file structure_3.csv (CSV, C-alpha atoms and all ligand atoms)
chain,number,residue,atom,x,y,z
A,1,MET,CA,10.4,15.8,2.1
A,2,THR,CA,7.7,18.2,1.0
A,3,GLN,CA,4.1,17.6,1.7
A,4,ARG,CA,1.8,18.2,-1.2
A,5,ARG,CA,-2.0,18.6,-1.3
A,6,PRO,CA,-3.6,15.3,-2.3
A,7,ASP,CA,-5.5,14.9,-5.6
A,8,LEU,CA,-8.9,13.3,-5.4
A,9,ILE,CA,-10.1,11.2,-8.3
A,10,ALA,CA,-13.7,10.1,-8.1
A,11,VAL,CA,-14.9,7.1,-10.1
A,12,ALA,CA,-18.2,5.2,-10.4
A,13,ASP,CA,-17.6,1.9,-8.7
A,14,VAL,CA,-15.0,-0.6,-7.6
A,15,ASP,CA,-14.4,-1.9,-11.1
A,16,ALA,CA,-13.8,1.6,-12.4
A,17,LEU,CA,-11.5,2.1,-9.4
A,18,ALA,CA,-9.4,-0.9,-10.4
A,19,GLN,CA,-9.3,0.2,-14.1
A,20,THR,CA,-8.2,3.7,-13.2
A,21,ALA,CA,-5.6,2.4,-10.8
A,22,ALA,CA,-4.3,-0.1,-13.3
A,23,LYS,CA,-4.0,2.4,-16.1
A,24,ARG,CA,-2.3,4.9,-13.8
A,25,ILE,CA,0.2,2.4,-12.5
A,26,SER,CA,0.9,1.0,-15.9
A,27,THR,CA,1.5,4.4,-17.5
A,28,HIS,CA,3.7,5.4,-14.6
A,29,LEU,CA,5.9,2.2,-14.6
A,30,THR,CA,6.3,1.9,-18.4
A,31,GLN,CA,7.6,5.5,-18.5
A,32,LEU,CA,10.4,4.7,-16.0
A,33,SER,CA,13.6,2.9,-16.8
A,34,GLY,CA,15.7,0.6,-14.7
A,35,ARG,CA,14.6,-1.2,-11.6
A,36,LEU,CA,11.1,-0.4,-10.3
A,37,ALA,CA,9.5,-0.9,-6.8
A,38,VAL,CA,5.8,-1.2,-6.0
A,39,CYS,CA,4.5,-1.5,-2.5
A,40,LEU,CA,1.2,-3.4,-2.3
A,41,THR,CA,-1.5,-3.0,0.3
A,42,GLY,CA,-3.8,-5.5,2.0
A,43,GLY,CA,-7.6,-5.3,2.4
A,44,SER,CA,-10.3,-6.3,-0.1
A,45,THR,CA,-10.4,-3.2,-2.3
A,46,PRO,CA,-7.1,-3.7,-4.1
A,47,GLN,CA,-8.0,-7.3,-4.9
A,48,HIS,CA,-9.9,-6.2,-8.1
A,49,LEU,CA,-6.8,-4.3,-9.2
A,50,TYR,CA,-4.5,-7.3,-8.6
A,51,ALA,CA,-6.7,-9.6,-10.7
A,52,LEU,CA,-6.9,-6.9,-13.4
A,53,LEU,CA,-3.2,-6.5,-13.7
A,54,THR,CA,-2.9,-10.2,-14.8
A,55,THR,CA,-5.0,-9.5,-17.9
A,56,GLU,CA,-4.4,-7.7,-21.1
A,57,PRO,CA,-3.2,-5.0,-21.9
A,58,TYR,CA,-1.3,-5.0,-18.5
A,59,ARG,CA,0.0,-8.5,-18.8
A,60,THR,CA,2.0,-7.6,-21.9
A,61,ALA,CA,2.6,-3.9,-21.2
A,62,LEU,CA,4.2,-4.1,-17.7
A,63,PRO,CA,8.0,-4.7,-17.5
A,64,TRP,CA,7.5,-7.6,-15.0
A,65,SER,CA,11.2,-8.6,-14.9
A,66,ARG,CA,12.1,-5.1,-13.7
A,67,ILE,CA,9.4,-4.7,-11.0
A,68,HIS,CA,10.1,-5.5,-7.4
A,69,TRP,CA,7.0,-6.1,-5.2
A,70,PHE,CA,6.9,-5.2,-1.5
A,71,LEU,CA,4.1,-5.1,1.1
A,72,GLY,CA,3.2,-2.0,3.1
A,73,ASP,CA,2.0,-4.2,6.0
A,74,ASP,CA,1.1,-7.8,6.7
A,75,ARG,CA,-0.6,-9.9,9.3
A,76,PHE,CA,1.8,-12.0,11.4
A,77,VAL,CA,0.5,-15.3,9.9
A,78,PRO,CA,2.0,-17.8,7.5
A,79,HIS,CA,1.9,-16.7,3.8
A,80,ASP,CA,-0.6,-19.5,3.0
A,81,ASP,CA,-3.0,-18.3,5.7
A,82,PRO,CA,-6.1,-16.6,4.1
A,83,ARG,CA,-5.4,-13.5,6.2
A,84,SER,CA,-1.9,-13.0,4.8
A,85,ASN,CA,-1.7,-9.9,2.6
A,86,PHE,CA,1.3,-11.4,0.7
A,87,GLY,CA,-0.6,-14.6,0.2
A,88,ILE,CA,-3.5,-12.7,-1.3
A,89,ALA,CA,-1.2,-10.7,-3.6
A,90,ARG,CA,0.5,-13.9,-4.7
A,91,ARG,CA,-2.7,-15.8,-5.4
A,92,LEU,CA,-4.3,-13.0,-7.3
A,93,LEU,CA,-1.4,-11.3,-9.0
A,94,LEU,CA,2.2,-12.5,-8.6
A,95,ASP,CA,1.5,-16.2,-9.4
A,96,HIS,CA,0.0,-15.3,-12.7
A,97,VAL,CA,2.5,-13.0,-14.2
A,98,PRO,CA,6.2,-13.5,-15.1
A,99,VAL,CA,7.7,-12.1,-11.8
A,100,PRO,CA,11.2,-13.5,-11.0
A,101,SER,CA,11.0,-15.0,-7.5
A,102,GLY,CA,13.8,-12.7,-6.4
A,103,ASN,CA,11.5,-9.7,-7.1
A,104,MET,CA,9.0,-10.7,-4.5
A,105,HIS,CA,9.8,-9.2,-1.1
A,106,ALA,CA,7.4,-10.6,1.4
A,107,ILE,CA,7.5,-9.6,5.1
A,108,PRO,CA,9.1,-12.6,6.8
A,109,THR,CA,6.2,-13.7,9.0
A,110,ASP,CA,8.1,-16.8,10.0
A,111,ALA,CA,10.4,-14.7,12.1
A,112,ARG,CA,10.4,-15.2,15.9
A,113,ASP,CA,8.1,-12.3,16.6
A,114,VAL,CA,6.9,-9.1,15.0
A,115,GLY,CA,9.9,-7.2,16.2
A,116,ALA,CA,12.3,-9.6,14.6
A,117,ALA,CA,10.3,-9.6,11.4
A,118,ALA,CA,10.3,-5.8,11.3
A,119,ARG,CA,14.1,-5.7,11.7
A,120,LEU,CA,14.6,-8.3,8.9
A,121,TYR,CA,12.3,-6.4,6.5
A,122,GLU,CA,14.0,-3.1,7.3
A,123,ILE,CA,17.3,-4.7,6.4
A,124,GLU,CA,15.8,-6.0,3.2
A,125,LEU,CA,14.4,-2.5,2.3
A,126,ARG,CA,17.8,-0.8,3.1
A,127,ASP,CA,19.7,-3.4,1.1
A,128,PHE,CA,17.4,-2.9,-1.9
A,129,TYR,CA,17.6,0.9,-1.6
A,130,GLY,CA,21.4,0.7,-1.2
A,131,ALA,CA,21.8,3.1,1.7
A,132,GLU,CA,21.2,3.3,5.4
A,133,SER,CA,18.8,6.3,5.2
A,134,LEU,CA,16.3,7.4,2.6
A,135,ALA,CA,17.4,10.5,0.8
A,136,PRO,CA,15.0,13.2,-0.6
A,137,GLY,CA,15.0,13.1,-4.4
A,138,ARG,CA,15.7,9.4,-4.6
A,139,PRO,CA,12.5,7.6,-3.5
A,140,LEU,CA,12.5,3.9,-2.3
A,141,PHE,CA,9.3,3.1,-4.2
A,142,ASP,CA,7.8,4.1,-7.5
A,143,VAL,CA,4.2,3.3,-6.4
A,144,VAL,CA,2.8,2.8,-2.9
A,145,LEU,CA,-0.8,1.5,-2.7
A,146,MET,CA,-2.7,2.3,0.4
A,147,GLY,CA,-6.2,1.7,1.9
A,148,VAL,CA,-8.2,3.2,4.7
A,149,GLY,CA,-10.1,1.3,7.4
A,150,ASP,CA,-13.4,2.4,8.9
A,151,ASP,CA,-11.4,3.6,11.9
A,152,GLY,CA,-9.0,5.7,9.8
A,153,HIS,CA,-6.1,3.3,10.0
A,154,THR,CA,-3.9,2.8,7.0
A,155,ALA,CA,-1.3,0.0,6.4
A,156,SER,CA,-1.2,-1.3,10.0
A,157,LEU,CA,-0.9,2.2,11.5
A,158,PHE,CA,-3.9,2.4,13.9
A,159,PRO,CA,-5.4,5.4,15.6
A,160,GLY,CA,-3.7,6.2,19.0
A,161,HIS,CA,-0.8,3.8,18.5
A,162,ALA,CA,2.8,4.8,19.1
A,163,GLU,CA,3.9,3.5,15.7
A,164,LEU,CA,2.3,6.6,14.1
A,165,ASP,CA,5.1,8.7,15.4
A,166,GLU,CA,8.0,6.4,14.4
A,167,LYS,CA,10.5,8.5,12.5
A,168,LYS,CA,13.7,6.4,12.7
A,169,HIS,CA,12.6,2.9,11.6
A,170,LEU,CA,11.3,2.0,8.2
A,171,VAL,CA,9.4,-1.0,9.6
A,172,VAL,CA,7.9,-1.8,13.0
A,173,GLY,CA,6.0,-4.6,14.7
A,174,VAL,CA,2.5,-4.0,16.0
A,175,THR,CA,1.7,-6.4,18.8
A,176,GLU,CA,-2.0,-5.5,19.0
A,177,ALA,CA,-4.1,-4.7,15.9
A,178,GLY,CA,-6.7,-2.0,16.3
A,179,LEU,CA,-9.2,-3.8,14.1
A,180,GLU,CA,-10.0,-7.3,12.8
A,181,PRO,CA,-8.3,-9.6,12.1
A,182,PHE,CA,-6.9,-9.2,15.6
A,183,VAL,CA,-3.5,-10.7,14.9
A,184,PRO,CA,-0.2,-9.0,15.4
A,185,ARG,CA,1.0,-7.0,12.4
A,186,VAL,CA,4.2,-5.7,10.8
A,187,THR,CA,4.0,-2.4,9.1
A,188,LEU,CA,6.0,0.2,7.2
A,189,THR,CA,6.2,3.5,8.9
A,190,PHE,CA,5.0,6.8,7.5
A,191,PRO,CA,8.6,7.9,6.4
A,192,ALA,CA,9.1,4.6,4.6
A,193,LEU,CA,5.7,4.8,2.8
A,194,ALA,CA,6.3,8.4,1.9
A,195,SER,CA,9.5,7.6,0.0
A,196,THR,CA,7.6,7.1,-3.3
A,197,ARG,CA,7.0,8.8,-6.6
A,198,GLU,CA,3.3,8.2,-6.2
A,199,MET,CA,1.1,7.1,-3.3
A,200,LEU,CA,-2.3,5.9,-4.4
A,201,PHE,CA,-5.2,5.3,-1.9
A,202,LEU,CA,-7.9,3.0,-3.1
A,203,VAL,CA,-11.2,3.4,-1.3
A,204,SER,CA,-14.5,1.8,-2.2
A,205,GLY,CA,-17.9,1.2,-0.6
A,206,ARG,CA,-20.6,2.9,1.5
A,207,SER,CA,-19.0,1.9,4.8
A,208,LYS,CA,-16.0,4.2,4.0
A,209,ARG,CA,-18.0,7.4,3.6
A,210,PRO,CA,-17.9,8.6,7.2
A,211,VAL,CA,-14.2,8.0,7.6
A,212,LEU,CA,-13.4,9.7,4.3
A,213,ALA,CA,-15.5,12.7,5.3
A,214,ARG,CA,-13.4,12.9,8.5
A,215,VAL,CA,-10.1,12.5,6.6
A,216,PHE,CA,-11.0,15.2,4.1
A,217,SER,CA,-12.1,17.6,6.8
A,218,GLY,CA,-8.7,17.4,8.4
A,219,ALA,CA,-9.4,15.0,11.4
A,220,ASP,CA,-6.2,13.6,12.9
A,221,LEU,CA,-6.5,10.1,11.6
A,222,PRO,CA,-3.6,7.8,10.5
A,223,ALA,CA,-4.7,7.9,6.8
A,224,ALA,CA,-4.8,11.7,6.9
A,225,ARG,CA,-1.3,11.7,8.2
A,226,ALA,CA,0.1,9.8,5.2
A,227,TYR,CA,2.3,11.9,2.9
A,228,ALA,CA,4.4,11.3,-0.1
A,229,GLU,CA,7.5,12.7,-1.6
A,230,GLY,CA,5.8,12.6,-5.0
A,231,GLU,CA,2.1,12.6,-5.9
A,232,LEU,CA,-0.5,11.7,-3.3
A,233,VAL,CA,-3.7,10.6,-4.9
A,234,TRP,CA,-7.0,9.4,-3.4
A,235,LEU,CA,-9.0,7.2,-5.8
A,236,VAL,CA,-12.5,7.0,-4.4
A,237,ASP,CA,-15.7,5.4,-5.8
A,238,ARG,CA,-19.1,7.0,-5.7
A,239,ASP,CA,-20.3,5.0,-2.7
A,240,ALA,CA,-17.3,6.0,-0.6
A,241,ALA,CA,-17.2,9.6,-1.6
A,242,PRO,CA,-18.5,11.9,1.1
A,243,GLU,CA,-22.0,13.2,0.4
A,244,HIS,CA,-22.6,16.0,-2.1
A,245,PRO,CA,-24.7,18.9,-1.2
A,246,ASP,CA,-27.5,17.6,-3.4
A,247,GLY,CA,-27.6,14.4,-1.2
A,248,THR,CA,-26.3,12.0,-3.9
A,301,LIG,C1,-4.6,-4.5,6.1
A,301,LIG,C2,-4.5,-3.4,5.2
A,301,LIG,C3,-5.3,-2.2,5.7
A,301,LIG,C4,-6.4,-2.0,4.6
A,301,LIG,C5,-7.6,-1.2,5.1
A,301,LIG,C6,-8.6,-1.1,4.0
A,301,LIG,O1,-3.6,-5.3,6.2
A,301,LIG,O2,-5.7,-4.7,6.7
A,301,LIG,O3,-3.3,-3.1,4.7
A,301,LIG,O4,-4.7,-1.0,6.0
A,301,LIG,O5,-5.8,-1.3,3.5
A,301,LIG,O6,-8.1,-1.9,6.2
A,301,LIG,O7,-9.1,-2.4,3.7
A,301,LIG,P1,-10.3,-2.6,2.6
A,301,LIG,O8,-9.8,-2.4,1.3
A,301,LIG,O9,-10.7,-4.1,2.9
A,301,LIG,O10,-11.4,-1.7,3.0
call {"tool": "encode", "arguments": {"input": "structure_3.csv", "output": "structure tokens", "more": "lines below"}}
Ligand code: 6PG
result
Amino acid sequence: MTQRRPDLIAVADVDALAQTAAKRISTHLTQLSGRLAVCLTGGSTPQHLYALLTTEPYRTALPWSRIHWFLGDDRFVPHDDPRSNFGIARRLLLDHVPVPSGNMHAIPTDARDVGAAARLYEIELRDFYGAESLAPGRPLFDVVLMGVGDDGHTASLFPGHAELDEKKHLVVGVTEAGLEPFVPRVTLTFPALASTREMLFLVSGRSKRPVLARVFSGADLPAARAYAEGELVWLVDRDAAPEHPDGT
């Protein structure tokens, strides 16, 4: 898989971020035929996007029956727990649009432990993909959404954790989260996330400015290690964008 230089798109605020992401995702998905796969992310930033996708023109334009929805990571809590990434995606997006229930692929957080959940989700991903290993030129996902934490983590891949170097498995359990909420996690690994036509980072807010400056200056942080077979795009609002030379 080749690593491309990321594109940076700067927008005014979190609403513009959601609008730009929605347009981009919609254009992308409506141009593709056959079965589609989108990998959602947790965190607060994508919540504006999820709500926006349930409104026009997206509600009518998106080929809902053809889109399958996955999660890049989740907290090991029941889906009705307010901390569940799948629960949030369901409440804000999936419950409001015509998605067949078989198209929702939640991480099974009712498994015995995070390791068992990771193995089950990996089987689900491989079954969906239809092969044991991911092949270059045939990405698993059409769109992967990502976020970045103040510490540089992305999905549930935290700085200094061994999961960052996982090459064999598509999904792994994370027994100790590096940041709140401190519950065990299940996360896709970099090779699984990278198997996409487009990876879209959504970053908003003043608190993200220091970590973005570090990511863009080449610091070895998890978010900076993310790569994609297709386009890698950072969609960043004005508050989050590292300072301009004029101090704005
Ligand atoms: C999670 C997320 C995580 C998130 C970042 C950014 O489960 O916590 O998947 O990686 O994307 O923490 O979150 P915000 O959008 O809230 O800043």
call {"tool": "residues_near_ligand", "arguments": {"input": "structure_3.csv", "ligand": "ligand LIG 301 (chain A)", "cutoff": "9 Å", "atoms": "all atoms listed in the file", "output": "VMD selection string"}}
result
chain A and resid 40 to 47 71 to 75 83 to 85 145 to 158 179 to 181 185 187 201 to 205 207 to 208 223
call {"tool": "closest_residue", "arguments": {"input": "structure_3.csv", "among": "A:Ile123, A:Ala106, A:Ile25, A:Val174", "to": "Leu94 (chain A)", "atoms": "all atoms listed in the file"}}
result
A:Ala106
call {"tool": "closest_residue", "arguments": {"input": "structure_3.csv", "among": "A:Tyr129, A:Phe216, A:Trp69, A:Trp64", "to": "Leu8 (chain A)", "atoms": "all atoms listed in the file"}}
result
A:Phe216
call {"tool": "residues_around", "arguments": {"input": "structure_3.csv", "residues": "Leu200 (chain A)", "least_positions_apart": "3", "cutoff": "7 Å", "atoms": "all atoms listed in the file", "output": "number ranges by chain"}}
result
A: 144-146, 232-235
call {"tool": "atom_distance", "arguments": {"input": "structure_3.csv", "atom1": "CA of Ala61 (chain A)", "atom2": "CA of Arg91 (chain A)"}}
result
20.5 Å
call {"tool": "closest_residue", "arguments": {"input": "structure_3.csv", "among": "A:Ala228, A:Ile107, A:Ala21, A:Leu36", "to": "Gly137 (chain A)", "atoms": "only C-alpha atoms"}}
result
A:Ala228
call {"tool": "atom_distance", "arguments": {"input": "structure_3.csv", "atom1": "CA of Thr27 (chain A)", "atom2": "CA of Tyr58 (chain A)"}}
result
9.9 Å
call {"tool": "closest_residue", "arguments": {"input": "structure_3.csv", "among": "A:Arg209, A:Arg59, A:Arg225, A:Arg112", "to": "Val77 (chain A)", "atoms": "all atoms listed in the file"}}
result
A:Arg112
call {"tool": "atom_distance", "arguments": {"input": "structure_3.csv", "atom1": "CA of Ala213 (chain A)", "atom2": "CA of His161 (chain A)"}}
result
21.7 Å
call {"tool": "closest_residue", "arguments": {"input": "structure_3.csv", "among": "A:Leu52, A:Ala10, A:Val143, A:Arg35", "to": "His96 (chain A)", "atoms": "all atoms listed in the file"}}
result
A:Leu52
